[in-house]
$ cat query.cif   # mmCIF, C-alpha atoms
data_input
loop_
_atom_site.label_atom_id
_atom_site.label_comp_id
_atom_site.auth_asym_id
_atom_site.auth_seq_id
_atom_site.Cartn_x
_atom_site.Cartn_y
_atom_site.Cartn_z
CA MET A 1430 13.53 -3.12 -3.82
CA LYS A 1431 10.04 -4.36 -3.25
CA ARG A 1432 8.85 -7.13 -0.98
CA PHE A 1433 8.99 -9.66 -3.81
CA ASP A 1434 11.12 -9.59 -6.95
CA LYS A 1435 8.53 -11.75 -8.66
CA HIS A 1436 5.01 -12.53 -7.55
CA ILE A 1437 3.39 -15.48 -9.27
CA PHE A 1438 -0.39 -15.78 -9.01
CA ILE A 1439 -1.93 -19.12 -9.88
CA CYS A 1440 -5.67 -19.42 -10.32
CA GLU A 1441 -7.27 -21.99 -8.06
CA ASN A 1442 -10.83 -20.86 -8.57
CA GLN A 1443 -13.42 -23.59 -8.27
CA ARG A 1444 -16.78 -23.52 -9.98
CA PRO A 1445 -19.65 -25.99 -9.65
CA GLU A 1446 -19.35 -29.08 -11.84
CA GLY A 1447 -20.66 -28.52 -15.36
CA HIS A 1448 -20.19 -24.75 -15.38
CA PRO A 1449 -19.68 -23.68 -19.02
CA ARG A 1450 -16.46 -21.76 -18.36
CA GLY A 1451 -14.88 -24.56 -16.33
CA CYS A 1452 -12.38 -23.67 -13.65
CA CYS A 1453 -8.65 -23.74 -13.02
CA LYS A 1454 -8.91 -25.79 -9.86
CA ASP A 1455 -10.40 -28.76 -11.69
CA LYS A 1456 -7.72 -28.46 -14.37
CA GLY A 1457 -4.89 -28.78 -11.84
CA GLY A 1458 -4.38 -25.24 -10.52
CA SER A 1459 -3.62 -26.38 -6.99
CA ASP A 1460 -1.03 -28.92 -8.12
CA VAL A 1461 0.69 -26.22 -10.18
CA LYS A 1462 0.69 -23.82 -7.22
CA GLU A 1463 2.05 -26.42 -4.82
CA LEU A 1464 4.84 -27.37 -7.22
CA PHE A 1465 5.83 -23.71 -7.66
CA LYS A 1466 6.00 -23.33 -3.88
CA LYS A 1467 8.00 -26.53 -3.44
CA ARG A 1468 10.56 -25.71 -6.13
CA LEU A 1469 11.00 -22.08 -5.04
CA LYS A 1470 11.73 -23.31 -1.54
CA GLU A 1471 14.17 -25.95 -2.76
CA LEU A 1472 15.97 -23.30 -4.80
CA GLY A 1473 16.14 -20.94 -1.81
CA LEU A 1474 14.02 -18.36 -3.66
CA ASN A 1475 11.00 -18.35 -1.40
CA SER A 1476 11.88 -15.12 0.39
CA SER A 1477 12.16 -13.10 -2.83
CA VAL A 1478 9.67 -14.88 -5.08
CA ARG A 1479 6.18 -15.83 -3.99
CA ALA A 1480 3.81 -18.32 -5.54
CA ASN A 1481 0.34 -17.24 -4.51
CA THR A 1482 -3.13 -18.68 -4.72
CA ALA A 1483 -5.45 -16.45 -6.74
CA GLY A 1484 -9.16 -16.47 -7.28
CA CYS A 1485 -10.56 -16.26 -10.81
CA LEU A 1486 -8.22 -14.32 -13.12
CA ASP A 1487 -10.90 -14.12 -15.82
CA ALA A 1488 -9.01 -16.23 -18.33
CA CYS A 1489 -10.81 -19.49 -17.57
CA GLU A 1490 -10.97 -20.65 -21.18
CA TYR A 1491 -7.17 -21.00 -21.35
CA GLY A 1492 -6.89 -23.63 -18.65
CA VAL A 1493 -4.76 -23.12 -15.58
CA THR A 1494 -3.94 -19.42 -15.67
CA VAL A 1495 -0.79 -17.95 -14.16
CA VAL A 1496 0.14 -14.27 -14.12
CA VAL A 1497 3.61 -13.11 -13.12
CA TYR A 1498 4.16 -9.62 -11.72
CA PRO A 1499 5.60 -7.02 -11.92
CA GLU A 1500 5.80 -7.75 -15.68
CA GLN A 1501 2.20 -8.96 -15.94
CA VAL A 1502 3.04 -11.91 -18.14
CA TRP A 1503 0.06 -14.21 -18.69
CA TYR A 1504 0.41 -17.95 -19.07
CA GLY A 1505 -2.44 -20.25 -20.03
CA GLY A 1506 -2.98 -23.98 -19.76
CA VAL A 1507 -0.04 -24.38 -17.41
CA LYS A 1508 0.73 -27.96 -16.41
CA ILE A 1509 3.02 -29.27 -13.71
CA GLU A 1510 5.51 -30.20 -16.45
CA ASP A 1511 5.80 -26.47 -17.30
CA VAL A 1512 6.67 -25.19 -13.82
CA GLU A 1513 10.40 -25.86 -13.96
CA GLU A 1514 10.76 -24.09 -17.31
CA ILE A 1515 8.93 -21.01 -16.01
CA ILE A 1516 11.17 -20.92 -12.95
CA GLN A 1517 14.45 -21.50 -14.81
CA SER A 1518 13.75 -19.27 -17.80
CA HIS A 1519 11.44 -16.54 -16.54
CA ILE A 1520 11.97 -16.29 -12.81
CA LEU A 1521 15.72 -16.89 -12.77
CA ASN A 1522 16.70 -15.46 -16.17
CA ASN A 1523 13.96 -12.98 -16.98
CA LYS A 1524 13.10 -14.76 -20.21
CA PRO A 1525 9.34 -15.36 -20.23
CA VAL A 1526 8.30 -18.67 -21.78
CA GLU A 1527 6.57 -17.55 -24.95
CA ARG A 1528 5.17 -20.95 -25.90
CA LEU A 1529 2.96 -20.79 -22.82
CA PHE A 1530 1.64 -17.27 -23.36
CA ILE A 1531 -2.09 -16.81 -23.55
CA LYS A 1532 -2.58 -16.17 -27.26
CA ASP A 1533 -5.64 -13.91 -26.95
CA ALA A 1534 -4.63 -10.40 -28.08
CA ARG A 1535 -5.97 -8.89 -24.86
CA PHE A 1536 -3.07 -10.52 -23.01
CA ASN A 1537 0.70 -10.08 -23.37
CA LYS A 1538 0.30 -7.24 -25.87
CA ASP A 1539 3.82 -5.96 -25.30
CA GLU A 1540 5.49 -9.28 -25.91
CA MET B 487 -0.84 -2.15 -22.98
CA LYS B 488 -1.39 -5.09 -20.71
CA ARG B 489 -4.61 -6.90 -19.90
CA PHE B 490 -5.14 -4.79 -16.78
CA ASP B 491 -3.87 -1.30 -16.02
CA LYS B 492 -4.10 -2.11 -12.34
CA HIS B 493 -4.55 -5.46 -10.67
CA ILE B 494 -5.64 -5.34 -7.05
CA PHE B 495 -5.17 -8.50 -5.00
CA ILE B 496 -7.07 -8.73 -1.73
CA CYS B 497 -6.23 -11.47 0.75
CA GLU B 498 -9.19 -13.64 1.64
CA ASN B 499 -7.21 -16.41 3.25
CA GLN B 500 -9.01 -18.26 6.03
CA ARG B 501 -7.26 -20.03 8.85
CA PRO B 502 -8.80 -22.16 11.60
CA GLU B 503 -10.20 -20.19 14.55
CA GLY B 504 -7.55 -19.37 17.14
CA HIS B 505 -4.57 -19.56 14.76
CA PRO B 506 -1.86 -17.25 16.15
CA ARG B 507 -1.37 -15.32 12.90
CA GLY B 508 -5.08 -14.73 12.36
CA CYS B 509 -6.38 -14.36 8.84
CA CYS B 510 -7.60 -11.69 6.48
CA LYS B 511 -10.94 -13.37 5.81
CA ASP B 512 -12.01 -13.08 9.44
CA LYS B 513 -10.90 -9.44 9.49
CA GLY B 514 -13.15 -8.52 6.55
CA GLY B 515 -11.12 -9.41 3.46
CA SER B 516 -14.13 -10.61 1.50
CA ASP B 517 -16.16 -7.48 2.23
CA VAL B 518 -13.23 -5.34 1.05
CA LYS B 519 -12.89 -7.41 -2.15
CA GLU B 520 -16.61 -7.23 -2.90
CA LEU B 521 -16.70 -3.47 -2.39
CA PHE B 522 -13.72 -2.99 -4.72
CA LYS B 523 -15.51 -5.05 -7.38
CA LYS B 524 -18.79 -3.18 -6.93
CA ARG B 525 -17.23 0.29 -7.10
CA LEU B 526 -14.98 -0.54 -10.06
CA LYS B 527 -18.04 -1.73 -11.95
CA GLU B 528 -20.07 1.35 -11.02
CA LEU B 529 -17.22 3.55 -12.23
CA GLY B 530 -16.95 1.62 -15.50
CA LEU B 531 -13.41 0.56 -14.68
CA ASN B 532 -13.93 -3.16 -14.46
CA SER B 533 -12.48 -3.97 -17.88
CA SER B 534 -9.16 -2.25 -17.16
CA VAL B 535 -8.84 -2.71 -13.41
CA ARG B 536 -9.41 -6.02 -11.66
CA ALA B 537 -10.06 -6.66 -7.98
CA ASN B 538 -8.97 -10.22 -7.36
CA THR B 539 -9.25 -12.69 -4.55
CA ALA B 540 -5.84 -13.78 -3.29
CA GLY B 541 -4.72 -16.48 -0.92
CA CYS B 542 -2.34 -15.64 1.90
CA LEU B 543 -0.02 -12.75 0.96
CA ASP B 544 2.20 -13.43 3.99
CA ALA B 545 1.44 -10.15 5.72
CA CYS B 546 -1.21 -11.53 8.07
CA GLU B 547 -0.16 -9.44 11.06
CA TYR B 548 -1.21 -6.21 9.30
CA GLY B 549 -4.86 -7.09 8.99
CA VAL B 550 -6.58 -7.19 5.61
CA THR B 551 -3.71 -7.05 3.13
CA VAL B 552 -4.06 -5.57 -0.35
CA VAL B 553 -1.30 -5.41 -2.97
CA VAL B 554 -1.67 -3.34 -6.12
CA TYR B 555 0.27 -4.23 -9.26
CA PRO B 556 2.17 -3.35 -11.41
CA GLU B 557 3.56 -0.96 -8.75
CA GLN B 558 3.53 -3.54 -5.94
CA VAL B 559 2.14 -1.15 -3.36
CA TRP B 560 1.25 -2.91 -0.11
CA TYR B 561 -1.66 -1.82 2.05
CA GLY B 562 -2.36 -3.24 5.49
CA GLY B 563 -5.40 -3.24 7.73
CA VAL B 564 -7.66 -2.12 4.90
CA LYS B 565 -11.26 -1.51 5.89
CA ILE B 566 -14.30 -0.97 3.71
CA GLU B 567 -14.13 2.73 4.58
CA ASP B 568 -10.72 2.86 2.84
CA VAL B 569 -11.74 1.39 -0.50
CA GLU B 570 -13.05 4.60 -2.08
CA GLU B 571 -9.89 6.51 -1.20
CA ILE B 572 -7.69 3.82 -2.74
CA ILE B 573 -9.77 3.89 -5.91
CA GLN B 574 -9.97 7.68 -6.21
CA SER B 575 -6.40 8.46 -5.25
CA HIS B 576 -4.34 5.47 -6.31
CA ILE B 577 -6.29 3.74 -9.06
CA LEU B 578 -7.64 6.83 -10.79
CA ASN B 579 -4.86 9.34 -10.01
CA ASN B 580 -1.79 7.19 -9.44
CA LYS B 581 -1.30 8.59 -5.95
CA PRO B 582 -0.93 5.65 -3.55
CA VAL B 583 -2.54 6.20 -0.15
CA GLU B 584 0.48 6.43 2.11
CA ARG B 585 -1.44 6.37 5.39
CA LEU B 586 -2.50 2.80 4.59
CA PHE B 587 0.93 1.50 3.65
CA ILE B 588 2.26 -1.49 5.53
CA LYS B 589 4.89 0.11 7.73
CA ASP B 590 7.24 -2.87 7.93
CA ALA B 591 10.46 -1.99 6.10
CA ARG B 592 10.24 -5.14 3.97
CA PHE B 593 7.26 -3.58 2.19
CA ASN B 594 6.96 -0.41 0.11
CA LYS B 595 10.70 0.19 0.24
CA ASP B 596 10.66 2.56 -2.72
CA GLU B 597 7.93 4.76 -1.36
#
$ encode --input "query.cif" --output "structure tokens"
Amino acid sequence: MKRFDKHIFICENQRPEGHPRGCCKDKGGSDVKELFKKRLKELGLNSSVRANTAGCLDACEYGVTVVVYPEQVWYGGVKIEDVEEIIQSHILNNKPVERLFIKDARFNKDE
Amino acid sequence: MKRFDKHIFICENQRPEGHPRGCCKDKGGSDVKELFKKRLKELGLNSSVRANTAGCLDACEYGVTVVVYPEQVWYGGVKIEDVEEIIQSHILNNKPVERLFIKDARFNKDE
């Protein structure tokens, strides 16, 4: 057993307005992080699963980026509407949500 | 193969001055993160290993906290003098640096 069964990192990086790569914070990263934290707590999972602020995960072009360890599953363009599905399917049932995978071949190569 | 062979998260959380738990930023978290990034780049590892800013990792009492995935190895009280050893031993040779492990039994239980 490790400290956390799942460790969810959500990018909340903020870049100056107009930066060509954009940033996850402006796309809703903080709202996504807060909803993960709220739901994990409500479900009594917050001692074994942590939703964590992350700085830039270098996947800016895919929108709000989320990476789940220890599997290293990469989600892109995550919206608050997607949080419950990630928790119910991936976190609780170990079935990553493929429709939200970052499609770039550098990510999720094993999936 | 995953996007990163190793993903190093360094806490740079900042709390208001005088907060009882303290914070990793005031203890040097950002200097540790920057040195990881600099050395990984110098060693040509920065495409396969990422040093990443993290928000609070909930291990504030151990000083600057670093967690390395996919193994989920937890280091506490990391100083800039420790960065090279973590890179050479753990990142390059898969030998985690036991002297820097967080000693609390909730962490590093498999080690």
$ interface_residues --input "query.cif" --of "chain A" --to "chain B" --cutoff "7 Å" --atoms "all atoms listed in the file" --output "list of chain:residue names"
A:Met1430, A:Lys1431, A:Arg1432, A:Asn1481, A:Thr1482, A:Ala1483, A:Gly1484, A:Tyr1498, A:Pro1499, A:Arg1535, A:Phe1536, A:Asn1537, A:Lys1538, A:Asp1539
$ closest_residue --input "query.cif" --among "B:Ile494, B:Val554, B:Ala545, B:Ile566" --to "B:Val518" --atoms "only C-alpha atoms"
B:Ile566
$ atom_distance --input "query.cif" --atom1 "atom CA of A:Ile1520" --atom2 "atom CA of A:Val1507"
15.2 Å
$ atom_distance --input "query.cif" --atom1 "atom CA of A:Arg1528" --atom2 "atom CA of A:Glu1513"
13.9 Å
$ atom_distance --input "query.cif" --atom1 "atom CA of A:Ser1518" --atom2 "atom CA of A:Leu1469"
13.4 Å
$ closest_residue --input "query.cif" --among "A:Leu1529, A:Ile1516, A:Cys1453, A:Cys1489" --to "A:Lys1467" --atoms "only C-alpha atoms"
A:Ile1516
$ axis_aligned_box --input "query.cif" --around "stretch 557-574 of chain B" --padding-each-side "4 Å" --output "AutoDock Vina command-line options"
--center_x -5.4 --center_y 2.1 --center_z -0.5 --size_x 25.9 --size_y 19.2 --size_z 24.5
$ residues_around --input "query.cif" --residues "B:Gly562" --least-positions-apart "6" --cutoff "9 Å" --atoms "all atoms listed in the file" --output "PyMOL selection string"
chain B and resi 545-553+586-589
$ resolve_selection --input "query.cif" --expression "the PyMOL selection byres ((chain A and resi 1443) around 6)" --output "PDB file with C-alpha atoms, in the coordinates of the input"
ATOM      1  CA  ASN A1442     -10.830 -20.860  -8.570  1.00  0.00           C
ATOM      2  CA  ARG A1444     -16.780 -23.520  -9.980  1.00  0.00           C
ATOM      3  CA  CYS A1452     -12.380 -23.670 -13.650  1.00  0.00           C
ATOM      4  CA  LYS A1454      -8.910 -25.790  -9.860  1.00  0.00           C
TER       5      LYS A1454
END
